[in-house]
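> Sharing run-v9.cif below, mmCIF, C-alpha atoms and all ligand atoms:
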```
data_structure
loop_
_atom_site.label_atom_id
_atom_site.label_comp_id
_atom_site.auth_asym_id
_atom_site.auth_seq_id
_atom_site.Cartn_x
_atom_site.Cartn_y
_atom_site.Cartn_z
CA MET A 66 -3.33 -51.34 57.09
CA LYS A 67 -6.14 -53.74 56.26
CA ALA A 68 -8.40 -55.02 59.00
CA LEU A 69 -11.66 -56.90 59.43
CA VAL A 70 -13.90 -54.45 61.29
CA LEU A 71 -17.20 -55.24 62.98
CA GLU A 72 -18.86 -51.99 61.89
CA LYS A 73 -22.34 -52.85 63.10
CA TYR A 74 -23.75 -55.98 64.65
CA ASN A 75 -23.61 -58.75 62.01
CA GLU A 76 -21.67 -56.54 59.58
CA LEU A 77 -18.00 -57.33 59.10
CA VAL A 78 -16.11 -55.15 56.62
CA TYR A 79 -12.57 -55.72 55.32
CA LYS A 80 -11.15 -52.23 54.96
CA ASP A 81 -8.28 -49.78 55.47
CA VAL A 82 -7.81 -48.49 59.00
CA PRO A 83 -4.96 -46.50 60.62
CA GLU A 84 -2.03 -48.50 61.96
CA PRO A 85 -1.95 -48.76 65.78
CA VAL A 86 0.11 -46.13 67.59
CA LEU A 87 2.89 -47.78 69.59
CA LYS A 88 3.29 -47.03 73.32
CA ASN A 89 6.73 -47.17 74.96
CA ASP A 90 6.17 -50.58 76.55
CA GLU A 91 4.60 -52.14 73.46
CA VAL A 92 5.80 -54.00 70.40
CA LEU A 93 4.22 -53.79 66.97
CA VAL A 94 3.36 -57.27 65.71
CA ARG A 95 2.69 -58.20 62.10
CA VAL A 96 -0.13 -60.68 62.54
CA MET A 97 0.56 -63.99 60.76
CA ALA A 98 -2.47 -65.98 61.94
CA CYS A 99 -5.59 -65.33 64.00
CA GLY A 100 -8.20 -67.90 64.94
CA ILE A 101 -11.93 -67.17 65.07
CA CYS A 102 -13.09 -67.87 68.63
CA GLY A 103 -16.61 -68.97 69.52
CA SER A 104 -16.82 -65.81 71.63
CA ASP A 105 -16.19 -63.73 68.47
CA VAL A 106 -18.95 -65.57 66.60
CA HIS A 107 -21.40 -65.14 69.49
CA GLY A 108 -20.21 -61.57 70.08
CA MET A 109 -20.84 -60.55 66.49
CA ASP A 110 -24.63 -60.33 66.79
CA GLY A 111 -24.59 -58.39 70.05
CA SER A 112 -26.05 -61.24 72.09
CA THR A 113 -23.13 -61.34 74.55
CA GLY A 114 -22.72 -57.59 74.82
CA ARG A 115 -18.92 -58.00 74.65
CA ARG A 116 -18.29 -56.84 71.07
CA VAL A 117 -19.83 -53.37 70.89
CA PRO A 118 -19.10 -51.99 67.38
CA PRO A 119 -16.97 -50.63 65.91
CA ILE A 120 -14.32 -53.14 66.95
CA ILE A 121 -11.57 -55.25 65.37
CA MET A 122 -12.04 -58.64 67.04
CA GLY A 123 -9.51 -61.47 67.35
CA HIS A 124 -7.48 -62.65 70.35
CA GLU A 125 -6.09 -66.07 69.32
CA ALA A 126 -3.15 -64.88 67.30
CA SER A 127 0.53 -65.08 66.47
CA GLY A 128 2.95 -63.00 64.48
CA ILE A 129 6.36 -61.39 64.06
CA ILE A 130 7.62 -58.32 65.92
CA VAL A 131 8.37 -55.51 63.46
CA ARG A 132 9.06 -52.63 65.86
CA THR A 133 9.63 -52.15 69.60
CA GLY A 134 8.78 -49.25 71.91
CA GLN A 135 11.54 -47.39 73.79
CA GLU A 136 11.04 -49.25 77.09
CA VAL A 137 10.87 -52.73 75.61
CA ILE A 138 13.60 -55.05 76.86
CA GLY A 139 14.42 -58.52 75.56
CA TRP A 140 12.22 -58.47 72.48
CA ASN A 141 13.47 -57.66 68.99
CA PRO A 142 12.17 -57.20 65.46
CA GLY A 143 11.97 -60.62 63.82
CA ASP A 144 10.95 -62.48 67.01
CA ARG A 145 8.11 -64.95 66.44
CA VAL A 146 5.54 -64.38 69.17
CA THR A 147 2.12 -65.20 70.47
CA PHE A 148 0.42 -63.45 73.38
CA ASP A 149 -2.05 -63.87 76.17
CA SER A 150 -5.55 -62.74 75.29
CA THR A 151 -5.73 -60.78 78.56
CA VAL A 152 -3.95 -57.45 78.89
CA TYR A 153 -3.55 -57.19 82.65
CA PRO A 154 -2.25 -54.29 84.76
CA LEU A 155 1.04 -55.00 86.52
CA ASN A 156 0.29 -52.86 89.59
CA ASP A 157 -2.81 -54.73 90.68
CA TRP A 158 -3.34 -56.70 93.91
CA PHE A 159 -4.56 -59.79 92.07
CA THR A 160 -1.70 -59.68 89.56
CA LEU A 161 0.84 -59.28 92.35
CA SER A 162 -0.69 -62.19 94.27
CA GLY A 163 -0.25 -64.44 91.23
CA HIS A 164 -3.76 -64.19 89.78
CA TYR A 165 -3.33 -61.90 86.81
CA ASN A 166 -6.29 -63.46 85.00
CA LEU A 167 -8.52 -62.09 87.77
CA SER A 168 -6.92 -58.63 87.98
CA ASP A 169 -9.10 -55.54 88.15
CA ASN A 170 -9.23 -53.39 85.02
CA ARG A 171 -7.88 -56.15 82.80
CA GLU A 172 -8.81 -55.93 79.15
CA VAL A 173 -9.21 -58.65 76.56
CA LEU A 174 -7.80 -58.19 73.06
CA GLY A 175 -10.48 -57.71 70.43
CA VAL A 176 -13.19 -57.08 73.00
CA SER A 177 -15.40 -54.03 73.67
CA PRO A 178 -17.83 -54.75 76.52
CA GLY A 179 -18.97 -51.13 76.75
CA THR A 180 -16.45 -50.02 79.39
CA TYR A 181 -13.45 -50.15 77.03
CA THR A 182 -12.53 -50.97 73.43
CA ARG A 183 -9.34 -52.90 72.73
CA ASN A 184 -8.82 -53.73 69.07
CA GLY A 185 -7.67 -57.24 68.27
CA ALA A 186 -5.74 -59.26 65.72
CA PHE A 187 -8.00 -59.49 62.68
CA ALA A 188 -5.68 -56.88 61.18
CA GLU A 189 -2.24 -56.65 59.60
CA PHE A 190 -0.68 -55.08 62.68
CA LEU A 191 -1.35 -55.05 66.40
CA ALA A 192 0.35 -53.24 69.30
CA ILE A 193 0.99 -55.57 72.26
CA PRO A 194 2.37 -54.75 75.75
CA GLN A 195 5.65 -56.62 76.21
CA HIS A 196 4.57 -58.35 79.42
CA ILE A 197 1.95 -60.50 77.71
CA LEU A 198 4.25 -61.76 74.92
CA CYS A 199 5.39 -65.36 74.61
CA LYS A 200 8.08 -66.64 72.24
CA ILE A 201 7.05 -69.30 69.72
CA PRO A 202 9.46 -72.27 69.55
CA ASP A 203 11.02 -72.78 66.08
CA ASN A 204 9.15 -76.04 65.53
CA VAL A 205 5.70 -74.53 66.14
CA THR A 206 3.94 -72.89 63.19
CA PHE A 207 2.03 -69.59 63.35
CA GLU A 208 -1.22 -71.48 62.80
CA GLN A 209 -0.44 -73.85 65.68
CA ALA A 210 0.51 -70.89 67.86
CA ALA A 211 -2.92 -69.36 67.14
CA MET A 212 -4.39 -72.50 68.77
CA VAL A 213 -2.47 -72.03 72.03
CA GLU A 214 -5.16 -69.94 73.74
CA ALA A 215 -7.79 -72.68 73.52
CA VAL A 216 -5.38 -75.34 74.77
CA ALA A 217 -4.22 -73.03 77.58
CA VAL A 218 -7.82 -72.47 78.72
CA ALA A 219 -8.21 -76.26 78.93
CA LEU A 220 -4.91 -76.69 80.76
CA HIS A 221 -5.82 -73.97 83.26
CA SER A 222 -8.97 -75.89 84.21
CA ILE A 223 -6.94 -79.06 84.78
CA ASN A 224 -4.35 -77.15 86.81
CA LEU A 225 -7.18 -75.95 89.08
CA SER A 226 -8.77 -79.39 89.42
CA GLY A 227 -6.25 -80.95 91.81
CA LEU A 228 -5.90 -83.96 89.47
CA ILE A 229 -3.70 -86.77 90.73
CA ILE A 230 -2.46 -89.82 88.84
CA GLY A 231 -5.17 -92.43 88.50
CA ASP A 232 -8.13 -90.06 88.78
CA LYS A 233 -11.22 -90.99 86.84
CA CYS A 234 -12.63 -87.98 84.99
CA VAL A 235 -15.84 -86.99 83.27
CA VAL A 236 -15.85 -84.22 80.65
CA VAL A 237 -19.30 -82.79 79.88
CA GLY A 238 -19.22 -80.92 76.55
CA SER A 239 -16.98 -81.93 73.65
CA GLY A 240 -16.55 -78.59 71.92
CA MET A 241 -13.03 -77.34 71.30
CA ILE A 242 -12.24 -76.72 74.99
CA GLY A 243 -13.67 -80.10 76.00
CA ILE A 244 -11.58 -81.82 73.31
CA PHE A 245 -8.40 -80.17 74.57
CA ILE A 246 -9.29 -81.07 78.19
CA ILE A 247 -9.54 -84.70 77.04
CA LYS A 248 -6.23 -84.54 75.16
CA LEU A 249 -4.49 -83.01 78.18
CA LEU A 250 -6.06 -85.48 80.64
CA LYS A 251 -4.70 -88.27 78.46
CA ILE A 252 -1.13 -87.10 79.14
CA SER A 253 -1.79 -86.08 82.77
CA GLY A 254 -2.22 -89.51 84.31
CA ALA A 255 -6.02 -89.75 84.41
CA SER A 256 -6.89 -93.46 84.42
CA LEU A 257 -10.30 -93.04 82.81
CA ILE A 258 -11.76 -90.28 80.64
CA ILE A 259 -15.49 -90.27 79.97
CA ALA A 260 -16.88 -87.78 77.44
CA ILE A 261 -20.53 -86.70 77.40
CA ASP A 262 -22.19 -84.53 74.78
CA THR A 263 -25.51 -83.99 73.02
CA ASN A 264 -23.89 -84.47 69.61
CA LYS A 265 -22.67 -87.81 68.23
CA ARG A 266 -20.19 -86.22 65.82
CA ARG A 267 -18.51 -84.35 68.65
CA LEU A 268 -18.43 -87.52 70.73
CA ASP A 269 -16.63 -89.33 67.92
CA GLU A 270 -14.11 -86.52 67.95
CA ALA A 271 -13.81 -86.88 71.74
CA GLN A 272 -13.01 -90.55 71.23
CA ARG A 273 -10.30 -89.71 68.70
CA ALA A 274 -8.93 -87.18 71.19
CA GLY A 275 -8.49 -89.92 73.77
CA ALA A 276 -11.79 -90.41 75.63
CA ASP A 277 -12.08 -94.01 76.85
CA CYS A 278 -15.90 -93.98 76.91
CA ILE A 279 -18.42 -91.71 75.22
CA PHE A 280 -22.08 -91.17 76.07
CA LEU A 281 -24.86 -89.07 74.63
CA THR A 282 -26.44 -86.81 77.26
CA ASP A 283 -29.78 -88.62 77.05
CA GLU A 284 -28.26 -92.09 77.37
CA GLU A 285 -30.60 -94.18 79.53
CA GLY A 286 -29.34 -94.89 83.06
CA LEU A 287 -26.27 -92.70 82.58
CA PRO A 288 -25.47 -92.16 86.31
CA LEU A 289 -25.54 -95.96 86.88
CA LYS A 290 -23.27 -96.52 83.90
CA ILE A 291 -20.79 -93.93 85.17
CA ALA A 292 -20.98 -95.54 88.63
CA SER A 293 -20.15 -98.95 87.20
CA LEU A 294 -17.09 -97.47 85.47
CA THR A 295 -15.85 -95.80 88.68
CA ASN A 296 -16.04 -98.51 91.38
CA LYS A 297 -19.61 -97.41 92.17
CA ARG A 298 -18.37 -94.02 93.39
CA GLY A 299 -18.65 -91.57 90.54
CA ALA A 300 -15.90 -89.58 88.89
CA ASP A 301 -13.11 -88.08 91.00
CA ILE A 302 -13.27 -84.95 88.87
CA SER A 303 -15.85 -83.69 86.41
CA PHE A 304 -15.23 -80.86 83.96
CA GLU A 305 -18.09 -78.80 82.59
CA ALA A 306 -17.25 -77.24 79.22
CA ALA A 307 -20.66 -76.30 77.83
CA GLY A 308 -21.95 -73.68 80.26
CA LYS A 309 -25.62 -74.64 80.39
CA SER A 310 -27.92 -75.57 83.24
CA GLU A 311 -28.32 -79.22 82.16
CA SER A 312 -24.63 -79.82 81.65
CA VAL A 313 -23.64 -78.16 84.94
CA ASN A 314 -26.15 -80.34 86.76
CA MET A 315 -24.87 -83.41 84.95
CA ALA A 316 -21.26 -82.64 85.92
CA LEU A 317 -22.33 -82.21 89.57
CA THR A 318 -24.39 -85.42 89.50
CA LEU A 319 -21.66 -87.63 88.04
CA VAL A 320 -18.85 -86.61 90.40
CA ARG A 321 -18.27 -88.73 93.52
CA LYS A 322 -18.83 -87.57 97.12
CA GLY A 323 -15.99 -85.24 98.05
CA GLY A 324 -14.99 -84.89 94.39
CA THR A 325 -14.37 -81.75 92.38
CA THR A 326 -16.39 -80.20 89.58
CA VAL A 327 -14.54 -77.65 87.47
CA LEU A 328 -16.75 -75.18 85.62
CA VAL A 329 -15.17 -73.84 82.41
CA GLY A 330 -18.16 -73.21 80.15
CA ASN A 331 -19.79 -69.83 80.69
CA THR A 332 -22.40 -69.33 78.00
CA SER A 333 -25.23 -68.80 80.53
CA PRO A 334 -25.13 -65.98 83.09
CA SER A 335 -26.77 -68.23 85.70
CA VAL A 336 -27.91 -71.85 86.02
CA ASN A 337 -30.06 -74.05 88.23
CA PHE A 338 -27.89 -75.20 91.07
CA PRO A 339 -28.47 -78.50 92.98
CA LEU A 340 -27.68 -77.01 96.38
CA GLN A 341 -28.52 -79.99 98.57
CA GLN A 342 -26.59 -82.38 96.36
CA VAL A 343 -23.50 -80.23 96.50
CA VAL A 344 -23.77 -79.65 100.26
CA THR A 345 -24.63 -83.19 101.36
CA ARG A 346 -22.07 -84.78 99.03
CA GLU A 347 -19.38 -82.19 99.88
CA ILE A 348 -18.62 -81.46 96.24
CA LYS A 349 -15.96 -78.86 95.57
CA VAL A 350 -17.07 -76.47 92.83
CA GLN A 351 -14.20 -74.69 91.11
CA GLY A 352 -14.62 -71.97 88.49
CA SER A 353 -11.90 -71.67 85.84
CA CYS A 354 -11.36 -68.40 83.97
CA ALA A 355 -9.11 -67.98 80.95
CA ILE A 356 -5.40 -68.56 81.43
CA ARG A 357 -2.77 -67.99 84.07
CA GLY A 358 0.67 -68.56 82.63
CA GLU A 359 -0.10 -71.80 80.76
CA TYR A 360 1.14 -70.56 77.35
CA GLU A 361 4.74 -71.63 77.77
CA THR A 362 3.81 -75.21 78.71
CA VAL A 363 1.29 -75.47 75.89
CA LEU A 364 3.80 -74.26 73.30
CA GLU A 365 6.27 -76.88 74.54
CA LEU A 366 3.61 -79.60 74.42
CA ILE A 367 2.75 -78.66 70.83
CA GLY A 368 6.43 -78.39 69.84
CA SER A 369 7.22 -81.83 71.25
CA GLY A 370 4.16 -83.38 69.61
CA ARG A 371 2.61 -84.46 72.92
CA ILE A 372 -0.47 -82.41 72.11
CA THR A 373 -1.80 -82.17 68.56
CA VAL A 374 -3.78 -79.13 67.44
CA ASP A 375 -3.71 -79.43 63.64
CA ASP A 376 -6.66 -81.83 63.73
CA GLN A 377 -8.81 -79.03 65.21
CA ILE A 378 -8.05 -76.58 62.37
CA SER A 379 -10.83 -76.85 59.78
CA ALA A 380 -9.72 -74.06 57.47
CA VAL A 381 -6.98 -71.50 56.92
CA ALA A 382 -8.25 -68.58 54.85
CA PRO A 383 -7.28 -65.02 53.91
CA LEU A 384 -8.51 -62.28 56.26
CA SER A 385 -10.22 -60.65 53.27
CA ASP A 386 -12.64 -63.62 53.26
CA GLY A 387 -13.24 -63.25 56.99
CA ALA A 388 -16.89 -62.16 56.75
CA LEU A 389 -17.72 -65.31 54.79
CA TRP A 390 -16.09 -67.61 57.35
CA PHE A 391 -17.80 -65.82 60.23
CA ASP A 392 -21.07 -66.40 58.41
CA ASN A 393 -20.27 -70.11 57.98
CA LEU A 394 -19.50 -70.45 61.68
CA TYR A 395 -22.50 -68.38 62.75
CA ASN A 396 -24.86 -70.47 60.66
CA LYS A 397 -23.07 -73.72 61.59
CA LYS A 398 -22.31 -74.58 57.97
CA GLY A 399 -20.06 -77.59 57.44
CA ASN A 400 -19.20 -78.81 60.96
CA LEU A 401 -16.31 -76.40 61.33
CA ASN A 402 -13.91 -76.46 64.25
CA LYS A 403 -11.27 -73.73 64.24
CA VAL A 404 -11.00 -71.35 61.29
CA ILE A 405 -7.76 -69.39 61.09
CA LEU A 406 -7.53 -66.14 59.15
CA ILE A 407 -4.29 -64.88 57.62
CA PRO A 408 -3.96 -61.09 57.08
ZN ZN A 501 -10.83 -67.48 72.43
#
```
Could I get this file's structure written as structure tokens?


Amino acid sequence: MKALVLEKYNELVYKDVPEPVLKNDEVLVRVMACGICGSDVHGMDGSTGRRVPPIIMGHEASGIIVRTGQEVIGWNPGDRVTFDSTVYPLNDWFTLSGHYNLSDNREVLGVSPGTYTRNGAFAEFLAIPQHILCKIPDNVTFEQAAMVEAVAVALHSINLSGLIIGDKCVVVGSGMIGIFIIKLLKISGASLIIAIDTNKRRLDEAQRAGADCIFLTDEEGLPLKIASLTNKRGADISFEAAGKSESVNMALTLVRKGGTTVLVGNTSPSVNFPLQQVVTREIKVQGSCAIRGEYETVLELIGSGRITVDDQISAVAPLSDGALWFDNLYNKKGNLNKVILIP
């Protein structure tokens, strides 16, 4: 089969590789669409240490089952499927206690952090354990299904936030995850959504996604402006979707006393932390990692049209051109959002 292989750091090669060998509890999926994730782009040059070559990247994918292993039940050739990006063990304490995204020894598709290598979906075929599969509704396209992971990451952060109807929310960072947080807040009963970013173009996108107010990070008197929009209290919930020291501090500053800050962005290994502010204002700080069962809901939201994802797809291109599109994303050419590759 053909695959896009990261052979060395910064060297993607479209080439023939052996088809995956199917285990008894796996299905073989013909990949129909696979999105390029920011983590793939950042992983490509070795800076994150999570894409040690050689590796076939790609974890935001969808396809059709072409073969099933002997122990597979309830899945058949021809089924249209997408799948969680995390391959989690079933016999793990965290999985059994309902936290599979935190399970020990979990692996991520298309990732090789040094301790394991699990090839991903920038290939014609991929073997997937049956327990991470999710059926795609008939009215959702393969390209839309390849967007589910990003929306599910956003939904997971909202599910952890304790949001109640009427909450006023701040979203710091208007990248793809921030945009989907805004879109989901819009249909979750938040009464006010404030988007903050360093980039005006992304803020305009946040506004189109449903943000009621937008502010550049360096806006003068920002905390006072947020206070005046929130009955002088500050936001009930702030979401941090950039992962940098400044944005984490901003999210913690703009939340009200006793409010919740959800941290989703994780580009920095550590940040400056305003300890006294968090302690004396009793702020709840909640980390949010990946996805925990949100796929089904997201697919239904896309199918019913309550969440739109097409506006975040900048290009759909053949997998054979993958190296070029990675280069465009890496060098930030042309304000691209999601690029989807078709094997
Ligand atoms: Zn991703």

> Would you list the residues that come within 8 Å of ligand ZN 501 (chain A)? Count all atoms listed in the file and give the answer as a ChimeraX atom specification.

/A:100-105,123-125,150,214-215

> Would you mind listing what lies within 8 Å of A:Lys251 as a PDB file with C-alpha atoms, keeping the file's coordinate frame, with all atoms listed in the file counted and same-chain residues fewer than 5 positions away left out?


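And here's result.pdb as it stands now:
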```
ATOM      1  CA  ILE A 258     -11.760 -90.280  80.640  1.00  0.00           C
ATOM      2  CA  GLY A 275      -8.490 -89.920  73.770  1.00  0.00           C
ATOM      3  CA  ALA A 276     -11.790 -90.410  75.630  1.00  0.00           C
TER       4      ALA A 276
END
```

> List the neighbours of stretch 333-350 of chain A out to 6 Å using all atoms listed in the file; skip same-chain residues closer than 5 positions along the sequence, and give me the result as a VMD selection string.

chain A and resid 308 to 310 322 to 326

> Quick one, how far is atom CA of A:Ile291 from atom CA of A:Asn331?

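Atom CA of A:Asn331 lies at a distance of 24.5 Å from atom CA of A:Ile291.
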
> Nearest residue to A:Val92 out of A:Leu161, A:Asn170, A:Gly185, A:Ile193, using only C-alpha atoms?

A:Ile193

> Using all atoms listed in the file, find all polymer residues with an atom at most 12 Å away from the point (-1.2, -71.3, 75.2); report them as a ChimeraX atom specification.

/A:124-127,146-151,197-201,205,209-221,245,355-368,372,374

> For A:Glu311, which residue among A:Gly243, A:Gly238, A:Arg171, A:Glu189 is the nearest when counting all atoms listed in the file?

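Smallest separation from A:Glu311 among the options: A:Gly238.
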
> Looking at A:Ala271, A:Cys234, A:Val329, A:Ile244, which one is nearest to A:Ala306, with distances taken over only C-alpha atoms?

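Comparing A:Ala271, A:Cys234, A:Val329, A:Ile244 against A:Ala306, the winner is A:Val329.
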
> Using only C-alpha atoms, can you tell me which of A:Lys88, A:Lys248, A:Lys233, A:Arg267 comes closest to A:Ala300?

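Ranked by minimum distance to A:Ala300, first place goes to A:Lys233.
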
> Point out the residue among A:Leu191, A:His107, A:Ser253, A:Ile246 with the least atom-to-atom distance to A:Ile230, counting all atoms listed in the file.

A:Ser253

> Taking 5 positions as the minimum chain separation for residues in the same chain, which residues sit within 10 Å of A:Glu270 when counting only C-alpha atoms? Answer as a list in words.

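Contacts, with the query itself left out: Ser239, Gly240, Met241, Ile244, Ala260, Lys265, Gly275, Ala276, Ile279, Asp376 and Gln377 of chain A.
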
> Near A:Gly254, counting all atoms listed in the file, which residues have an atom at most 9 Å away, once you skip same-chain residues fewer than 2 positions from it, shown as a PDB file with C-alpha atoms, in the frame of the given file?


```pdb
ATOM      1  CA  LEU A 228      -5.900 -83.960  89.470  1.00  0.00           C
ATOM      2  CA  ILE A 229      -3.700 -86.770  90.730  1.00  0.00           C
ATOM      3  CA  ILE A 230      -2.460 -89.820  88.840  1.00  0.00           C
ATOM      4  CA  GLY A 231      -5.170 -92.430  88.500  1.00  0.00           C
ATOM      5  CA  ASP A 232      -8.130 -90.060  88.780  1.00  0.00           C
ATOM      6  CA  LEU A 250      -6.060 -85.480  80.640  1.00  0.00           C
ATOM      7  CA  LYS A 251      -4.700 -88.270  78.460  1.00  0.00           C
ATOM      8  CA  ILE A 252      -1.130 -87.100  79.140  1.00  0.00           C
ATOM      9  CA  SER A 256      -6.890 -93.460  84.420  1.00  0.00           C
ATOM     10  CA  LEU A 257     -10.300 -93.040  82.810  1.00  0.00           C
TER      11      LEU A 257
END
```

> I need the residue nearest A:Ser226 from this list: A:Tyr74, A:Phe304, A:Tyr79, A:Trp140. Use only C-alpha atoms for the distance.

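Looking at the shortest contact to A:Ser226, the residue is A:Phe304.
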
> With a distance cut-off of 7 Å and all atoms listed in the file, select the neighbouring residues of A:Val137, excluding the residue or stretch itself and same-chain residues fewer than 5 positions from it, and output the selection as a PDB file with C-alpha atoms, keeping the file's coordinate frame.


```pdb
ATOM      1  CA  ASN A  89       6.730 -47.170  74.960  1.00  0.00           C
ATOM      2  CA  ASP A  90       6.170 -50.580  76.550  1.00  0.00           C
ATOM      3  CA  GLU A  91       4.600 -52.140  73.460  1.00  0.00           C
ATOM      4  CA  GLN A 195       5.650 -56.620  76.210  1.00  0.00           C
TER       5      GLN A 195
END
```

> Mind pulling up the distance from atom CA of A:Ile378 to atom CA of A:Lys80?

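These two atoms are separated by 25.6 Å.
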
> How far is it from atom CA of A:Asn75 to atom CA of A:Asp110, in Å with one decimal?

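Between atom CA of A:Asn75 and atom CA of A:Asp110 the gap works out to 5.1 Å.
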